[in-house]
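So the structure is just underneath, and the comments pick up after that.
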Amino acid sequence: MTNEDKKELSPAMEDYLRVIYKFEEKGAMVTTSMISESLGVAPASVTKMMKRLASMDLVEHEPYRGVGLTANGEKAAAEMARHHRLIELFLTEVVGVPWDRVHDEAHRLEHALSEYLEDRLADILGDPKVDPHGQLIPCKEGRVAVRSLRMLWDLEQGTRGVVAEIEDHDPALLRYVAERALFPGTKICVAERDPYGGSVIVALGAERCAVGQDAARQIWIETNETAA
Ligand SMILES: [Zn+2]
Ligand SMILES: [Zn+2]
């Protein structure tokens with residue numbers, strides 16, 4: 001994708017590409033309803049935007065089947081993710097910004113980052129693979145390997161795994177996760193499921209903590225059965 005093409009992407013279009021990319025990199029099949037829920041927009045608007053993005057060769061959309069990024073779409077989304085995630089890591093590691101504040105700052109700075117500065121950040125950080133929230137930093141050529149992650153909320157009792165990734169846009173959620181020490185890389189086991197919903201009880205070694213549904217839907221786990 002050339003710089004000319006990139007300029008034509010509106011912020012709304014970028015949001016769509018970002019959301020689809022974030023589901024795809026977790027190994028999820030993406031549907032229009034997932035996108036509408038995630039962006040908080042009406043399903044009809046999603047359908048309309050999908051047609052638009054498809055005409056620009058950024059997404060493929062087969063009615064009743066699902067949505068996927070084309071090679072062009074993936075390249076654009078991976079580039080955005082690389083900028084965003086490198087800045088987040090730089091802010092936590094070098095500038096000392098807490099992990100619940102870096103997302104908003106990175107969102108503001110990511111467009112301003114030149115290719116030159118991108119390379120400098122990667123150099124200083126030692127060509128990092130993961131950002132402060134566990135999200136994979138794509139390499140310069142595009143996407144890294146797709147992981148197969150599951151939402152903590154969807155796991156059955158007794159499931160073991162490792163916290164892989166936390167959704168990064170809600171500072172309150174990140175503080176909630178930090179209070180429970182559910183940082184990326186932490187080994188967990190689903191000790192108990194409340195049969196009436198509400199929360200899931202997670203064991204971290206000898207410790208146990210309750211995680212509410214809204215939070216458990218934004219914490220992604222690499223389970224022992226999905227880990228390659
Ligand atoms: Zn972020
Ligand atoms: Zn992040």
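Residues are named by chain letter and number: chains run A, B, ... in the order of the structure tokens, numbers start at 1 in each chain, and ligands are numbered from 1 in the order shown.
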Please check which protein, DNA or RNA residues sit within 12 Å of ligand 2, counting only C-alpha atoms and all ligand atoms, and write them as a PyMOL selection string. chain A and resi 22+80-92+98-107+129-137+164-171+174+184
Expected file: the selected residues, N, CA and C atoms, as a short mmCIF file (atom, residue, chain, number, x, y, z; two decimals), in the first residue's frame:
```
data_model
loop_
_atom_site.label_atom_id
_atom_site.label_comp_id
_atom_site.auth_asym_id
_atom_site.auth_seq_id
_atom_site.Cartn_x
_atom_site.Cartn_y
_atom_site.Cartn_z
N LYS A 22 -7.83 -7.37 15.13
CA LYS A 22 -7.70 -7.84 16.51
C LYS A 22 -8.41 -9.17 16.74
N MET A 80 -0.62 -0.20 11.42
CA MET A 80 -1.20 0.60 12.51
C MET A 80 -0.90 -0.04 13.86
N ALA A 81 -1.07 -1.36 13.92
CA ALA A 81 -0.85 -2.08 15.18
C ALA A 81 0.61 -1.98 15.59
N ARG A 82 1.50 -2.07 14.61
CA ARG A 82 2.94 -1.98 14.94
C ARG A 82 3.27 -0.60 15.54
N HIS A 83 2.81 0.45 14.91
CA HIS A 83 3.04 1.79 15.45
C HIS A 83 2.49 1.91 16.87
N HIS A 84 1.23 1.56 17.00
CA HIS A 84 0.53 1.71 18.28
C HIS A 84 1.23 0.94 19.39
N ARG A 85 1.56 -0.29 19.11
CA ARG A 85 2.09 -1.16 20.17
C ARG A 85 3.54 -0.82 20.51
N LEU A 86 4.31 -0.40 19.51
CA LEU A 86 5.68 0.04 19.80
C LEU A 86 5.67 1.28 20.68
N ILE A 87 4.77 2.22 20.38
CA ILE A 87 4.69 3.43 21.19
C ILE A 87 4.28 3.09 22.62
N GLU A 88 3.29 2.20 22.76
CA GLU A 88 2.86 1.80 24.10
C GLU A 88 4.03 1.23 24.90
N LEU A 89 4.80 0.37 24.26
CA LEU A 89 5.92 -0.26 24.96
C LEU A 89 7.00 0.77 25.31
N PHE A 90 7.25 1.66 24.37
CA PHE A 90 8.23 2.72 24.63
C PHE A 90 7.79 3.58 25.83
N LEU A 91 6.51 3.90 25.86
CA LEU A 91 6.00 4.75 26.96
C LEU A 91 6.11 4.04 28.31
N THR A 92 5.81 2.75 28.37
CA THR A 92 5.94 2.06 29.67
C THR A 92 7.40 1.83 30.03
N PRO A 98 2.30 4.47 33.28
CA PRO A 98 1.66 3.22 33.71
C PRO A 98 0.84 2.56 32.59
N TRP A 99 0.68 1.25 32.66
CA TRP A 99 0.10 0.50 31.53
C TRP A 99 -1.36 0.84 31.27
N ASP A 100 -2.05 1.46 32.25
CA ASP A 100 -3.45 1.82 32.01
C ASP A 100 -3.58 3.17 31.30
N ARG A 101 -2.47 3.86 31.10
CA ARG A 101 -2.54 5.19 30.45
C ARG A 101 -1.93 5.22 29.06
N VAL A 102 -1.20 4.18 28.69
CA VAL A 102 -0.44 4.26 27.43
C VAL A 102 -1.31 4.16 26.18
N HIS A 103 -2.46 3.47 26.29
CA HIS A 103 -3.27 3.28 25.09
C HIS A 103 -3.73 4.62 24.50
N ASP A 104 -4.31 5.47 25.34
CA ASP A 104 -4.80 6.76 24.85
C ASP A 104 -3.67 7.61 24.27
N GLU A 105 -2.53 7.58 24.96
CA GLU A 105 -1.38 8.36 24.46
C GLU A 105 -0.93 7.81 23.10
N ALA A 106 -0.85 6.49 22.99
CA ALA A 106 -0.39 5.87 21.74
C ALA A 106 -1.38 6.15 20.61
N HIS A 107 -2.66 6.16 20.95
CA HIS A 107 -3.69 6.42 19.95
C HIS A 107 -3.49 7.80 19.33
N LYS A 129 8.56 -8.19 20.69
CA LYS A 129 7.49 -8.98 20.08
C LYS A 129 6.13 -8.74 20.73
N VAL A 130 6.13 -8.21 21.95
CA VAL A 130 4.87 -8.07 22.71
C VAL A 130 4.77 -6.70 23.36
N ASP A 131 3.56 -6.14 23.38
CA ASP A 131 3.36 -4.84 24.01
C ASP A 131 2.96 -5.02 25.49
N PRO A 132 2.78 -3.91 26.23
CA PRO A 132 2.53 -4.06 27.68
C PRO A 132 1.26 -4.84 28.02
N HIS A 133 0.34 -4.96 27.08
CA HIS A 133 -0.92 -5.66 27.36
C HIS A 133 -0.92 -7.08 26.81
N GLY A 134 0.25 -7.51 26.33
CA GLY A 134 0.36 -8.87 25.80
C GLY A 134 0.05 -8.98 24.32
N GLN A 135 -0.31 -7.85 23.68
CA GLN A 135 -0.63 -7.90 22.26
C GLN A 135 0.65 -8.02 21.43
N LEU A 136 0.59 -8.86 20.41
CA LEU A 136 1.78 -9.12 19.60
C LEU A 136 2.10 -7.93 18.71
N ILE A 137 3.34 -7.55 18.65
CA ILE A 137 3.78 -6.45 17.78
C ILE A 137 4.13 -7.06 16.42
N ALA A 164 -2.80 -14.28 28.08
CA ALA A 164 -2.06 -13.89 26.88
C ALA A 164 -2.19 -12.39 26.63
N GLU A 165 -3.40 -11.89 26.78
CA GLU A 165 -3.66 -10.54 26.29
C GLU A 165 -4.84 -9.91 27.03
N ILE A 166 -4.72 -8.62 27.32
CA ILE A 166 -5.81 -7.87 27.94
C ILE A 166 -6.23 -6.76 26.97
N GLU A 167 -7.54 -6.59 26.77
CA GLU A 167 -7.99 -5.46 25.94
C GLU A 167 -7.46 -4.18 26.57
N ASP A 168 -6.96 -3.27 25.74
CA ASP A 168 -6.16 -2.19 26.31
C ASP A 168 -6.81 -0.81 26.34
N HIS A 169 -8.06 -0.70 25.88
CA HIS A 169 -8.62 0.65 25.74
C HIS A 169 -9.32 1.19 26.99
N ASP A 170 -9.52 0.34 28.01
CA ASP A 170 -10.25 0.78 29.20
C ASP A 170 -9.32 0.80 30.42
N PRO A 171 -8.88 2.01 30.83
CA PRO A 171 -7.95 2.11 31.95
C PRO A 171 -8.49 1.43 33.22
N LEU A 174 -7.86 -2.24 33.12
CA LEU A 174 -6.44 -2.56 33.33
C LEU A 174 -6.05 -2.45 34.81
N PRO A 184 -0.16 -10.40 31.67
CA PRO A 184 0.21 -11.35 30.62
C PRO A 184 1.36 -12.23 31.09
#
```
Determine, counting only C-alpha atoms, which protein, DNA and RNA residues have an atom within 10 Å of an atom of segment 147-160 of chain A; residues of the same chain fewer than 6 positions away are not included. Present the result as a ChimeraX atom specification. /A:23-28,136,166,187-194,197,199-203,211-228
Residues just named, written with C-alpha atoms as a tab-separated table (two decimals), in the first residue's frame:
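For reference, result-v4.tsv as written:
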```tsv
chain	number	residue	atom	x	y	z
A	23	PHE	CA	-10.17	-10.69	16.17
A	24	GLU	CA	-8.23	-12.38	13.38
A	25	GLU	CA	-4.94	-12.35	15.29
A	26	LYS	CA	-6.66	-14.28	18.09
A	27	GLY	CA	-7.74	-16.95	15.64
A	28	ALA	CA	-11.41	-15.93	15.74
A	136	LEU	CA	1.78	-9.12	19.60
A	166	ILE	CA	-5.81	-7.87	27.94
A	187	LYS	CA	-0.46	-19.08	34.77
A	188	ILE	CA	-4.07	-19.56	35.78
A	189	CYS	CA	-6.65	-22.27	36.32
A	190	VAL	CA	-10.43	-21.81	36.23
A	191	ALA	CA	-11.29	-22.97	39.75
A	192	GLU	CA	-15.02	-22.35	39.74
A	193	ARG	CA	-17.79	-21.09	37.52
A	194	ASP	CA	-20.74	-19.37	39.08
A	197	GLY	CA	-23.24	-16.02	35.62
A	199	SER	CA	-18.14	-14.07	37.81
A	200	VAL	CA	-15.51	-16.72	37.31
A	201	ILE	CA	-13.16	-17.77	40.12
A	202	VAL	CA	-9.58	-17.97	38.95
A	203	ALA	CA	-6.74	-19.71	40.80
A	211	VAL	CA	-13.28	-11.91	37.90
A	212	GLY	CA	-16.54	-10.28	36.85
A	213	GLN	CA	-18.11	-11.12	33.50
A	214	ASP	CA	-17.35	-7.80	31.79
A	215	ALA	CA	-13.68	-8.15	32.66
A	216	ALA	CA	-13.52	-11.87	31.89
A	217	ARG	CA	-14.74	-11.11	28.35
A	218	GLN	CA	-11.75	-8.84	27.79
A	219	ILE	CA	-9.02	-11.13	29.10
A	220	TRP	CA	-7.66	-13.63	26.55
A	221	ILE	CA	-6.10	-16.91	27.57
A	222	GLU	CA	-3.82	-19.28	25.72
A	223	THR	CA	-5.11	-22.56	27.10
A	224	ASN	CA	-3.07	-25.74	27.34
A	225	GLU	CA	-5.20	-27.40	24.66
A	226	THR	CA	-4.91	-24.49	22.20
A	227	ALA	CA	-1.19	-23.84	22.80
A	228	ALA	CA	0.76	-25.26	19.89
```
Would you kindly return, as a ChimeraX atom specification, each protein, DNA or RNA residue with an atom no farther than 10 Å from any atom of segment 32-35 of chain A, considering only C-alpha atoms and excluding same-chain residues fewer than 5 positions away? /A:15-17,19-20,23,40-47,50,61,63-67
Looking at only C-alpha atoms and all ligand atoms, which of A:Met29, A:Leu109, A:Val146, A:Leu9 is the one that sits closest to ligand 1? A:Leu109
I want to know what sits within 12 Å of Glu79 of chain A, based on only C-alpha atoms, with residues of the same chain fewer than 4 positions away left out; could you give that as a count of residues only? 29
Restricting the calculation to only C-alpha atoms and all ligand atoms, which member of A:Arg108, A:Val94, A:Val163, A:Met49 is positioned closest to ligand 1? A:Arg108
Please give the complete set of residues from segment 189-222 of chain A that DSSP, run on the backbone, assigns to strand (DSSP E or B), formatted as a ChimeraX atom specification. /A:189-193,199-204,207-212,219-222
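Straight-line separation from atom CA of Ser55 of chain A to atom CA of Ala71 of chain A: 13.8 Å.
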